[in-house]
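The data block below is data.pdb; it holds PDB, N, CA, C and O atoms.
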ATOM      1  N   MET M 135       8.037 -46.515  81.147
ATOM      2  CA  MET M 135       9.374 -46.780  80.654
ATOM      3  C   MET M 135       9.785 -45.682  79.679
ATOM      4  O   MET M 135       8.968 -45.188  78.911
ATOM      5  N   LYS M 136      11.042 -45.327  79.710
ATOM      6  CA  LYS M 136      11.560 -44.256  78.869
ATOM      7  C   LYS M 136      11.724 -44.729  77.423
ATOM      8  O   LYS M 136      12.241 -45.812  77.164
ATOM      9  N   GLU M 137      11.300 -43.907  76.474
ATOM     10  CA  GLU M 137      11.384 -44.245  75.057
ATOM     11  C   GLU M 137      12.822 -44.073  74.557
ATOM     12  O   GLU M 137      13.490 -43.082  74.847
ATOM     13  N   LYS M 138      13.308 -45.053  73.792
ATOM     14  CA  LYS M 138      14.656 -44.995  73.233
ATOM     15  C   LYS M 138      14.664 -44.040  72.038
ATOM     16  O   LYS M 138      13.815 -44.140  71.155
ATOM     17  N   ILE M 139      15.640 -43.118  72.008
ATOM     18  CA  ILE M 139      15.731 -42.177  70.886
ATOM     19  C   ILE M 139      17.091 -42.216  70.204
ATOM     20  O   ILE M 139      17.265 -41.655  69.148
ATOM     21  N   HIS M 140      18.077 -42.909  70.797
ATOM     22  CA  HIS M 140      19.429 -42.958  70.233
ATOM     23  C   HIS M 140      19.634 -44.221  69.406
ATOM     24  O   HIS M 140      19.258 -45.314  69.817
ATOM     25  N   SER M 141      20.264 -44.076  68.232
ATOM     26  CA  SER M 141      20.647 -45.197  67.370
ATOM     27  C   SER M 141      19.501 -46.183  67.141
ATOM     28  O   SER M 141      19.613 -47.380  67.409
ATOM     29  N   LEU M 142      18.413 -45.680  66.621
ATOM     30  CA  LEU M 142      17.250 -46.513  66.350
ATOM     31  C   LEU M 142      17.586 -47.553  65.281
ATOM     32  O   LEU M 142      18.280 -47.266  64.312
ATOM     33  N   LYS M 143      17.079 -48.775  65.469
ATOM     34  CA  LYS M 143      17.424 -49.886  64.581
ATOM     35  C   LYS M 143      17.031 -49.628  63.132
ATOM     36  O   LYS M 143      17.754 -50.003  62.220
ATOM     37  N   TYR M 144      15.905 -49.006  62.892
ATOM     38  CA  TYR M 144      15.467 -48.815  61.508
ATOM     39  C   TYR M 144      16.344 -47.817  60.749
ATOM     40  O   TYR M 144      16.281 -47.738  59.524
ATOM     41  N   LEU M 145      17.218 -47.086  61.444
ATOM     42  CA  LEU M 145      18.144 -46.155  60.789
ATOM     43  C   LEU M 145      19.551 -46.733  60.646
ATOM     44  O   LEU M 145      20.446 -46.065  60.144
ATOM     45  N   LYS M 146      19.745 -47.983  61.052
ATOM     46  CA  LYS M 146      21.072 -48.607  61.028
ATOM     47  C   LYS M 146      21.674 -48.609  59.621
ATOM     48  O   LYS M 146      22.848 -48.302  59.440
ATOM     49  N   GLY M 147      20.881 -48.940  58.614
ATOM     50  CA  GLY M 147      21.368 -48.962  57.234
ATOM     51  C   GLY M 147      21.824 -47.590  56.758
ATOM     52  O   GLY M 147      22.857 -47.471  56.080
ATOM     53  N   LYS M 148      21.092 -46.571  57.102
ATOM     54  CA  LYS M 148      21.454 -45.204  56.705
ATOM     55  C   LYS M 148      22.752 -44.774  57.376
ATOM     56  O   LYS M 148      23.612 -44.144  56.747
ATOM     57  N   ARG M 149      22.927 -45.108  58.660
ATOM     58  CA  ARG M 149      24.179 -44.777  59.346
ATOM     59  C   ARG M 149      25.359 -45.469  58.673
ATOM     60  O   ARG M 149      26.406 -44.861  58.463
ATOM     61  N   ALA M 150      25.195 -46.732  58.298
ATOM     62  CA  ALA M 150      26.269 -47.475  57.629
ATOM     63  C   ALA M 150      26.591 -46.846  56.270
ATOM     64  O   ALA M 150      27.756 -46.716  55.893
ATOM     65  N   GLU M 151      25.545 -46.440  55.550
ATOM     66  CA  GLU M 151      25.730 -45.786  54.243
ATOM     67  C   GLU M 151      26.526 -44.489  54.395
ATOM     68  O   GLU M 151      27.442 -44.211  53.605
ATOM     69  N   LEU M 152      26.213 -43.714  55.402
ATOM     70  CA  LEU M 152      26.929 -42.459  55.640
ATOM     71  C   LEU M 152      28.400 -42.707  55.995
ATOM     72  O   LEU M 152      29.278 -41.944  55.601
ATOM     73  N   ARG M 153      28.670 -43.786  56.732
ATOM     74  CA  ARG M 153      30.057 -44.106  57.084
ATOM     75  C   ARG M 153      30.859 -44.521  55.859
ATOM     76  O   ARG M 153      32.056 -44.266  55.780
ATOM     77  N   LYS M 154      30.219 -45.172  54.912
ATOM     78  CA  LYS M 154      30.922 -45.659  53.715
ATOM     79  C   LYS M 154      31.176 -44.559  52.692
ATOM     80  O   LYS M 154      32.087 -44.683  51.882
ATOM     81  N   SER M 155      30.399 -43.507  52.692
ATOM     82  CA  SER M 155      30.531 -42.450  51.685
ATOM     83  C   SER M 155      30.971 -41.140  52.331
ATOM     84  O   SER M 155      30.234 -40.169  52.350
ATOM     85  N   LEU M 156      32.187 -41.131  52.857
ATOM     86  CA  LEU M 156      32.706 -39.942  53.524
ATOM     87  C   LEU M 156      33.156 -38.885  52.524
ATOM     88  O   LEU M 156      33.635 -39.216  51.438
ATOM     89  N   THR M 157      33.035 -37.647  52.903
ATOM     90  CA  THR M 157      33.618 -36.560  52.113
ATOM     91  C   THR M 157      35.126 -36.577  52.376
ATOM     92  O   THR M 157      35.584 -37.174  53.361
ATOM     93  N   PRO M 158      35.939 -35.940  51.527
ATOM     94  CA  PRO M 158      37.382 -35.893  51.790
ATOM     95  C   PRO M 158      37.726 -35.320  53.167
ATOM     96  O   PRO M 158      38.624 -35.819  53.850
ATOM     97  N   ALA M 159      36.994 -34.310  53.593
ATOM     98  CA  ALA M 159      37.250 -33.712  54.907
ATOM     99  C   ALA M 159      36.941 -34.704  56.033
ATOM    100  O   ALA M 159      37.692 -34.814  57.008
ATOM    101  N   GLU M 160      35.830 -35.437  55.909
ATOM    102  CA  GLU M 160      35.479 -36.427  56.925
ATOM    103  C   GLU M 160      36.508 -37.557  56.961
ATOM    104  O   GLU M 160      36.895 -38.020  58.031
ATOM    105  N   ALA M 161      36.962 -37.995  55.776
ATOM    106  CA  ALA M 161      37.966 -39.059  55.715
ATOM    107  C   ALA M 161      39.251 -38.630  56.421
ATOM    108  O   ALA M 161      39.844 -39.402  57.174
ATOM    109  N   PHE M 162      39.682 -37.399  56.187
ATOM    110  CA  PHE M 162      40.872 -36.867  56.838
ATOM    111  C   PHE M 162      40.689 -36.840  58.352
ATOM    112  O   PHE M 162      41.554 -37.277  59.113
ATOM    113  N   LEU M 163      39.543 -36.345  58.796
ATOM    114  CA  LEU M 163      39.258 -36.256  60.221
ATOM    115  C   LEU M 163      39.285 -37.629  60.880
ATOM    116  O   LEU M 163      39.957 -37.835  61.889
ATOM    117  N   TRP M 164      38.554 -38.599  60.318
ATOM    118  CA  TRP M 164      38.467 -39.921  60.935
ATOM    119  C   TRP M 164      39.789 -40.669  60.871
ATOM    120  O   TRP M 164      40.070 -41.492  61.749
ATOM    121  N   LYS M 165      40.603 -40.374  59.870
ATOM    122  CA  LYS M 165      41.942 -40.985  59.799
ATOM    123  C   LYS M 165      42.741 -40.612  61.050
ATOM    124  O   LYS M 165      43.480 -41.429  61.595
ATOM    125  N   HIS M 166      42.574 -39.402  61.536
ATOM    126  CA  HIS M 166      43.322 -38.925  62.690
ATOM    127  C   HIS M 166      42.627 -39.201  64.024
ATOM    128  O   HIS M 166      43.268 -39.142  65.074
ATOM    129  N   LEU M 167      41.333 -39.500  63.989
ATOM    130  CA  LEU M 167      40.613 -39.773  65.235
ATOM    131  C   LEU M 167      40.554 -41.257  65.581
ATOM    132  O   LEU M 167      40.382 -41.609  66.747
ATOM    133  N   LYS M 168      40.683 -42.133  64.582
ATOM    134  CA  LYS M 168      40.524 -43.562  64.853
ATOM    135  C   LYS M 168      41.668 -44.106  65.709
ATOM    136  O   LYS M 168      42.761 -43.553  65.748
ATOM    137  N   GLY M 169      41.385 -45.177  66.407
ATOM    138  CA  GLY M 169      42.385 -45.831  67.227
ATOM    139  C   GLY M 169      42.922 -44.995  68.375
ATOM    140  O   GLY M 169      44.066 -45.161  68.774
ATOM    141  N   ARG M 170      42.095 -44.093  68.877
ATOM    142  CA  ARG M 170      42.475 -43.248  70.029
ATOM    143  C   ARG M 170      43.779 -42.490  69.800
ATOM    144  O   ARG M 170      44.580 -42.308  70.699
ATOM    145  N   GLN M 171      43.986 -42.026  68.565
ATOM    146  CA  GLN M 171      45.193 -41.292  68.231
ATOM    147  C   GLN M 171      45.147 -39.844  68.704
ATOM    148  O   GLN M 171      46.175 -39.178  68.742
ATOM    149  N   PHE M 172      43.998 -39.354  69.043
ATOM    150  CA  PHE M 172      43.858 -37.958  69.471
ATOM    151  C   PHE M 172      43.751 -37.909  70.987
ATOM    152  O   PHE M 172      42.680 -38.130  71.551
ATOM    153  N   GLU M 173      44.828 -37.666  71.648
ATOM    154  CA  GLU M 173      44.894 -37.543  73.105
ATOM    155  C   GLU M 173      44.272 -38.734  73.835
ATOM    156  O   GLU M 173      43.716 -38.597  74.930
ATOM    157  N   GLY M 174      44.324 -39.918  73.216
ATOM    158  CA  GLY M 174      43.811 -41.128  73.854
ATOM    159  C   GLY M 174      42.307 -41.188  74.003
ATOM    160  O   GLY M 174      41.780 -42.015  74.728
ATOM    161  N   ARG M 175      41.590 -40.320  73.307
ATOM    162  CA  ARG M 175      40.123 -40.274  73.429
ATOM    163  C   ARG M 175      39.463 -41.132  72.356
ATOM    164  O   ARG M 175      39.983 -41.302  71.275
ATOM    165  N   LYS M 176      38.286 -41.648  72.670
ATOM    166  CA  LYS M 176      37.532 -42.490  71.752
ATOM    167  C   LYS M 176      36.401 -41.682  71.115
ATOM    168  O   LYS M 176      35.699 -40.942  71.807
ATOM    169  N   PHE M 177      36.251 -41.818  69.804
ATOM    170  CA  PHE M 177      35.196 -41.122  69.070
ATOM    171  C   PHE M 177      34.324 -42.142  68.346
ATOM    172  O   PHE M 177      34.815 -43.144  67.846
ATOM    173  N   ASN M 178      33.019 -41.872  68.285
ATOM    174  CA  ASN M 178      32.065 -42.725  67.575
ATOM    175  C   ASN M 178      31.526 -41.990  66.358
ATOM    176  O   ASN M 178      31.365 -40.772  66.381
ATOM    177  N   ARG M 179      31.217 -42.772  65.319
ATOM    178  CA  ARG M 179      30.720 -42.163  64.090
ATOM    179  C   ARG M 179      29.234 -42.435  63.889
ATOM    180  O   ARG M 179      28.711 -43.464  64.278
ATOM    181  N   GLN M 180      28.576 -41.495  63.222
ATOM    182  CA  GLN M 180      27.189 -41.608  62.777
ATOM    183  C   GLN M 180      26.247 -42.127  63.852
ATOM    184  O   GLN M 180      25.659 -43.183  63.748
ATOM    185  N   HIS M 181      26.115 -41.355  64.866
ATOM    186  CA  HIS M 181      25.158 -41.611  65.939
ATOM    187  C   HIS M 181      23.863 -40.899  65.565
ATOM    188  O   HIS M 181      23.893 -39.768  65.118
ATOM    189  N   SER M 182      22.753 -41.559  65.717
ATOM    190  CA  SER M 182      21.483 -40.889  65.399
ATOM    191  C   SER M 182      20.692 -40.639  66.676
ATOM    192  O   SER M 182      20.740 -41.415  67.620
ATOM    193  N   ILE M 183      20.004 -39.524  66.668
ATOM    194  CA  ILE M 183      19.080 -39.168  67.736
ATOM    195  C   ILE M 183      17.750 -38.888  67.054
ATOM    196  O   ILE M 183      17.640 -37.969  66.250
ATOM    197  N   GLU M 184      16.784 -39.741  67.351
ATOM    198  CA  GLU M 184      15.505 -39.768  66.634
ATOM    199  C   GLU M 184      15.812 -39.878  65.146
ATOM    200  O   GLU M 184      16.474 -40.817  64.740
ATOM    201  N   ASN M 185      15.359 -38.952  64.297
ATOM    202  CA  ASN M 185      15.615 -39.041  62.855
ATOM    203  C   ASN M 185      16.750 -38.152  62.386
ATOM    204  O   ASN M 185      16.869 -37.876  61.199
ATOM    205  N   TYR M 186      17.609 -37.735  63.298
ATOM    206  CA  TYR M 186      18.725 -36.844  62.966
ATOM    207  C   TYR M 186      20.040 -37.559  63.178
ATOM    208  O   TYR M 186      20.187 -38.370  64.081
ATOM    209  N   TYR M 187      21.032 -37.257  62.326
ATOM    210  CA  TYR M 187      22.350 -37.878  62.402
ATOM    211  C   TYR M 187      23.357 -36.845  62.866
ATOM    212  O   TYR M 187      23.310 -35.692  62.484
ATOM    213  N   SER M 188      24.291 -37.294  63.696
ATOM    214  CA  SER M 188      25.359 -36.408  64.122
ATOM    215  C   SER M 188      26.697 -37.079  63.907
ATOM    216  O   SER M 188      26.802 -38.247  63.723
TER
END

In structure tokens, what does this structure look like?
Amino acid sequence: MKEKIHSLKYLKGKRAELRKSLTPAEAFLWKHLKGRQFEGRKFNRQHSIENYYS
């Protein structure tokens, strides 16, 4: 069976913490990306791959 590497449960708290403490630039960006306001595309925040966040 293939090992899961995306959005590991033990990193869930850290991802939530990163979403709550945005830099001004990140806040500006997400204000314009939320609700499919950018060409109708959907964006996700704070996805982790193994121990790295993107």

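Note that atom CA of M:Asn178 and atom CA of M:Trp164 are 9.6 Å apart.
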
Write out as a PyMOL selection string all residues of chain M that backbone DSSP assigns to alpha helix (DSSP H).
chain M and resi 146-154+158-167

Return the single residue from M:Arg179, M:Lys138, M:Glu184, M:Phe172 that is closest to M:Leu156, with distances computed using only C-alpha atoms.
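Closest residue, counting only C-alpha atoms: M:Arg179.
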
Dig up all the protein and nucleic acid residues within 4.5 Å of (21.5, -45.9, 66.3) in the file frame, using only N, CA, C and O atoms, and format them as a list of chain:residue names.
M:His140, M:Ser141, M:Leu142

DSSP-assigned strand (DSSP E) among chain M, expressed as a short mmCIF file (atom, residue, chain, number, x, y, z; two decimals) with N, CA, C and O atoms, in the coordinates of the input:
data_model
loop_
_atom_site.label_atom_id
_atom_site.label_comp_id
_atom_site.auth_asym_id
_atom_site.auth_seq_id
_atom_site.Cartn_x
_atom_site.Cartn_y
_atom_site.Cartn_z
N SER M 182 22.75 -41.56 65.72
CA SER M 182 21.48 -40.89 65.40
C SER M 182 20.69 -40.64 66.68
O SER M 182 20.74 -41.42 67.62
N ILE M 183 20.00 -39.52 66.67
CA ILE M 183 19.08 -39.17 67.74
C ILE M 183 17.75 -38.89 67.05
O ILE M 183 17.64 -37.97 66.25
N TYR M 186 17.61 -37.74 63.30
CA TYR M 186 18.73 -36.84 62.97
C TYR M 186 20.04 -37.56 63.18
O TYR M 186 20.19 -38.37 64.08
N TYR M 187 21.03 -37.26 62.33
CA TYR M 187 22.35 -37.88 62.40
C TYR M 187 23.36 -36.84 62.87
O TYR M 187 23.31 -35.69 62.48
#

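In this structure, atom CA of M:Glu151 sits 27.1 Å away from atom CA of M:Gly174.
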
Centre, edges in Å (one decimal): axis-aligned box, stretch 152-166 of chain M, 6 Å padding on all six sides, as lines of an AutoDock Vina configuration file:
center_x = 34.8
center_y = -39.7
center_z = 58.3
size_x = 29.3
size_y = 23.9
size_z = 25.6

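In this structure, atom CA of M:Lys136 sits 27.0 Å away from atom CA of M:Lys176.
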
From the list M:Ile139, M:Ala161, M:Leu167, M:Ala150, which residue is nearest M:Asn185 when using only N, CA, C and O atoms?
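Looking only at the distances to M:Asn185, the closest residue turns out to be M:Ile139.
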
Would you mind putting all heavy atoms back on stretch 139-150 of chain M and writing the result as a PDB file, keeping the file's coordinate frame?
ATOM      1  N   ILE M 139      15.640 -43.118  72.008  1.00  0.00           N
ATOM      2  CA  ILE M 139      15.731 -42.177  70.886  1.00  0.00           C
ATOM      3  C   ILE M 139      17.091 -42.216  70.204  1.00  0.00           C
ATOM      4  O   ILE M 139      17.265 -41.655  69.148  1.00  0.00           O
ATOM      5  CB  ILE M 139      15.427 -40.724  71.335  1.00  0.00           C
ATOM      6  CG1 ILE M 139      16.437 -40.238  72.366  1.00  0.00           C
ATOM      7  CG2 ILE M 139      14.009 -40.596  71.839  1.00  0.00           C
ATOM      8  CD1 ILE M 139      16.356 -38.752  72.647  1.00  0.00           C
ATOM      9  N   HIS M 140      18.077 -42.909  70.797  1.00  0.00           N
ATOM     10  CA  HIS M 140      19.429 -42.958  70.233  1.00  0.00           C
ATOM     11  C   HIS M 140      19.634 -44.221  69.406  1.00  0.00           C
ATOM     12  O   HIS M 140      19.258 -45.314  69.817  1.00  0.00           O
ATOM     13  CB  HIS M 140      20.477 -42.921  71.351  1.00  0.00           C
ATOM     14  CG  HIS M 140      20.463 -41.645  72.120  1.00  0.00           C
ATOM     15  ND1 HIS M 140      21.201 -40.559  71.743  1.00  0.00           N
ATOM     16  CD2 HIS M 140      19.784 -41.277  73.224  1.00  0.00           C
ATOM     17  CE1 HIS M 140      20.991 -39.575  72.594  1.00  0.00           C
ATOM     18  NE2 HIS M 140      20.125 -39.974  73.495  1.00  0.00           N
ATOM     19  N   SER M 141      20.264 -44.076  68.232  1.00  0.00           N
ATOM     20  CA  SER M 141      20.647 -45.197  67.370  1.00  0.00           C
ATOM     21  C   SER M 141      19.501 -46.183  67.141  1.00  0.00           C
ATOM     22  O   SER M 141      19.613 -47.380  67.409  1.00  0.00           O
ATOM     23  CB  SER M 141      21.872 -45.911  67.929  1.00  0.00           C
ATOM     24  OG  SER M 141      22.971 -45.036  67.947  1.00  0.00           O
ATOM     25  N   LEU M 142      18.413 -45.680  66.621  1.00  0.00           N
ATOM     26  CA  LEU M 142      17.250 -46.513  66.350  1.00  0.00           C
ATOM     27  C   LEU M 142      17.586 -47.553  65.281  1.00  0.00           C
ATOM     28  O   LEU M 142      18.280 -47.266  64.312  1.00  0.00           O
ATOM     29  CB  LEU M 142      16.084 -45.641  65.891  1.00  0.00           C
ATOM     30  CG  LEU M 142      15.624 -44.595  66.910  1.00  0.00           C
ATOM     31  CD1 LEU M 142      14.571 -43.692  66.308  1.00  0.00           C
ATOM     32  CD2 LEU M 142      15.106 -45.259  68.168  1.00  0.00           C
ATOM     33  N   LYS M 143      17.079 -48.775  65.469  1.00  0.00           N
ATOM     34  CA  LYS M 143      17.424 -49.886  64.581  1.00  0.00           C
ATOM     35  C   LYS M 143      17.031 -49.628  63.132  1.00  0.00           C
ATOM     36  O   LYS M 143      17.754 -50.003  62.220  1.00  0.00           O
ATOM     37  CB  LYS M 143      16.792 -51.176  65.083  1.00  0.00           C
ATOM     38  CG  LYS M 143      17.460 -51.690  66.326  1.00  0.00           C
ATOM     39  CD  LYS M 143      16.893 -53.029  66.737  1.00  0.00           C
ATOM     40  CE  LYS M 143      17.607 -53.485  68.001  1.00  0.00           C
ATOM     41  NZ  LYS M 143      17.280 -54.849  68.331  1.00  0.00           N
ATOM     42  N   TYR M 144      15.905 -49.006  62.892  1.00  0.00           N
ATOM     43  CA  TYR M 144      15.467 -48.815  61.508  1.00  0.00           C
ATOM     44  C   TYR M 144      16.344 -47.817  60.749  1.00  0.00           C
ATOM     45  O   TYR M 144      16.281 -47.738  59.524  1.00  0.00           O
ATOM     46  CB  TYR M 144      13.983 -48.423  61.437  1.00  0.00           C
ATOM     47  CG  TYR M 144      13.656 -47.002  61.858  1.00  0.00           C
ATOM     48  CD1 TYR M 144      13.612 -45.982  60.918  1.00  0.00           C
ATOM     49  CD2 TYR M 144      13.369 -46.700  63.177  1.00  0.00           C
ATOM     50  CE1 TYR M 144      13.294 -44.680  61.297  1.00  0.00           C
ATOM     51  CE2 TYR M 144      13.051 -45.423  63.565  1.00  0.00           C
ATOM     52  CZ  TYR M 144      13.017 -44.413  62.621  1.00  0.00           C
ATOM     53  OH  TYR M 144      12.703 -43.133  62.988  1.00  0.00           O
ATOM     54  N   LEU M 145      17.218 -47.086  61.444  1.00  0.00           N
ATOM     55  CA  LEU M 145      18.144 -46.155  60.789  1.00  0.00           C
ATOM     56  C   LEU M 145      19.551 -46.733  60.646  1.00  0.00           C
ATOM     57  O   LEU M 145      20.446 -46.065  60.144  1.00  0.00           O
ATOM     58  CB  LEU M 145      18.207 -44.843  61.580  1.00  0.00           C
ATOM     59  CG  LEU M 145      16.906 -44.054  61.640  1.00  0.00           C
ATOM     60  CD1 LEU M 145      17.044 -42.887  62.598  1.00  0.00           C
ATOM     61  CD2 LEU M 145      16.512 -43.578  60.263  1.00  0.00           C
ATOM     62  N   LYS M 146      19.745 -47.983  61.052  1.00  0.00           N
ATOM     63  CA  LYS M 146      21.072 -48.607  61.028  1.00  0.00           C
ATOM     64  C   LYS M 146      21.674 -48.609  59.621  1.00  0.00           C
ATOM     65  O   LYS M 146      22.848 -48.302  59.440  1.00  0.00           O
ATOM     66  CB  LYS M 146      20.988 -50.031  61.564  1.00  0.00           C
ATOM     67  CG  LYS M 146      22.319 -50.713  61.692  1.00  0.00           C
ATOM     68  CD  LYS M 146      22.170 -52.096  62.312  1.00  0.00           C
ATOM     69  CE  LYS M 146      23.518 -52.749  62.470  1.00  0.00           C
ATOM     70  NZ  LYS M 146      23.398 -54.061  63.105  1.00  0.00           N
ATOM     71  N   GLY M 147      20.881 -48.940  58.614  1.00  0.00           N
ATOM     72  CA  GLY M 147      21.368 -48.962  57.234  1.00  0.00           C
ATOM     73  C   GLY M 147      21.824 -47.590  56.758  1.00  0.00           C
ATOM     74  O   GLY M 147      22.857 -47.471  56.080  1.00  0.00           O
ATOM     75  N   LYS M 148      21.092 -46.571  57.102  1.00  0.00           N
ATOM     76  CA  LYS M 148      21.454 -45.204  56.705  1.00  0.00           C
ATOM     77  C   LYS M 148      22.752 -44.774  57.376  1.00  0.00           C
ATOM     78  O   LYS M 148      23.612 -44.144  56.747  1.00  0.00           O
ATOM     79  CB  LYS M 148      20.316 -44.240  57.055  1.00  0.00           C
ATOM     80  CG  LYS M 148      20.574 -42.820  56.651  1.00  0.00           C
ATOM     81  CD  LYS M 148      20.713 -42.663  55.142  1.00  0.00           C
ATOM     82  CE  LYS M 148      20.855 -41.204  54.766  1.00  0.00           C
ATOM     83  NZ  LYS M 148      21.132 -41.017  53.367  1.00  0.00           N
ATOM     84  N   ARG M 149      22.927 -45.108  58.660  1.00  0.00           N
ATOM     85  CA  ARG M 149      24.179 -44.777  59.346  1.00  0.00           C
ATOM     86  C   ARG M 149      25.359 -45.469  58.673  1.00  0.00           C
ATOM     87  O   ARG M 149      26.406 -44.861  58.463  1.00  0.00           O
ATOM     88  CB  ARG M 149      24.097 -45.156  60.834  1.00  0.00           C
ATOM     89  CG  ARG M 149      23.166 -44.272  61.624  1.00  0.00           C
ATOM     90  CD  ARG M 149      23.291 -44.490  63.122  1.00  0.00           C
ATOM     91  NE  ARG M 149      23.145 -45.869  63.527  1.00  0.00           N
ATOM     92  CZ  ARG M 149      21.987 -46.431  63.892  1.00  0.00           C
ATOM     93  NH1 ARG M 149      20.876 -45.721  63.886  1.00  0.00           N
ATOM     94  NH2 ARG M 149      21.948 -47.692  64.264  1.00  0.00           N
ATOM     95  N   ALA M 150      25.195 -46.732  58.298  1.00  0.00           N
ATOM     96  CA  ALA M 150      26.269 -47.475  57.629  1.00  0.00           C
ATOM     97  C   ALA M 150      26.591 -46.846  56.270  1.00  0.00           C
ATOM     98  O   ALA M 150      27.756 -46.716  55.893  1.00  0.00           O
ATOM     99  CB  ALA M 150      25.866 -48.934  57.454  1.00  0.00           C
TER     100      ALA M 150
END
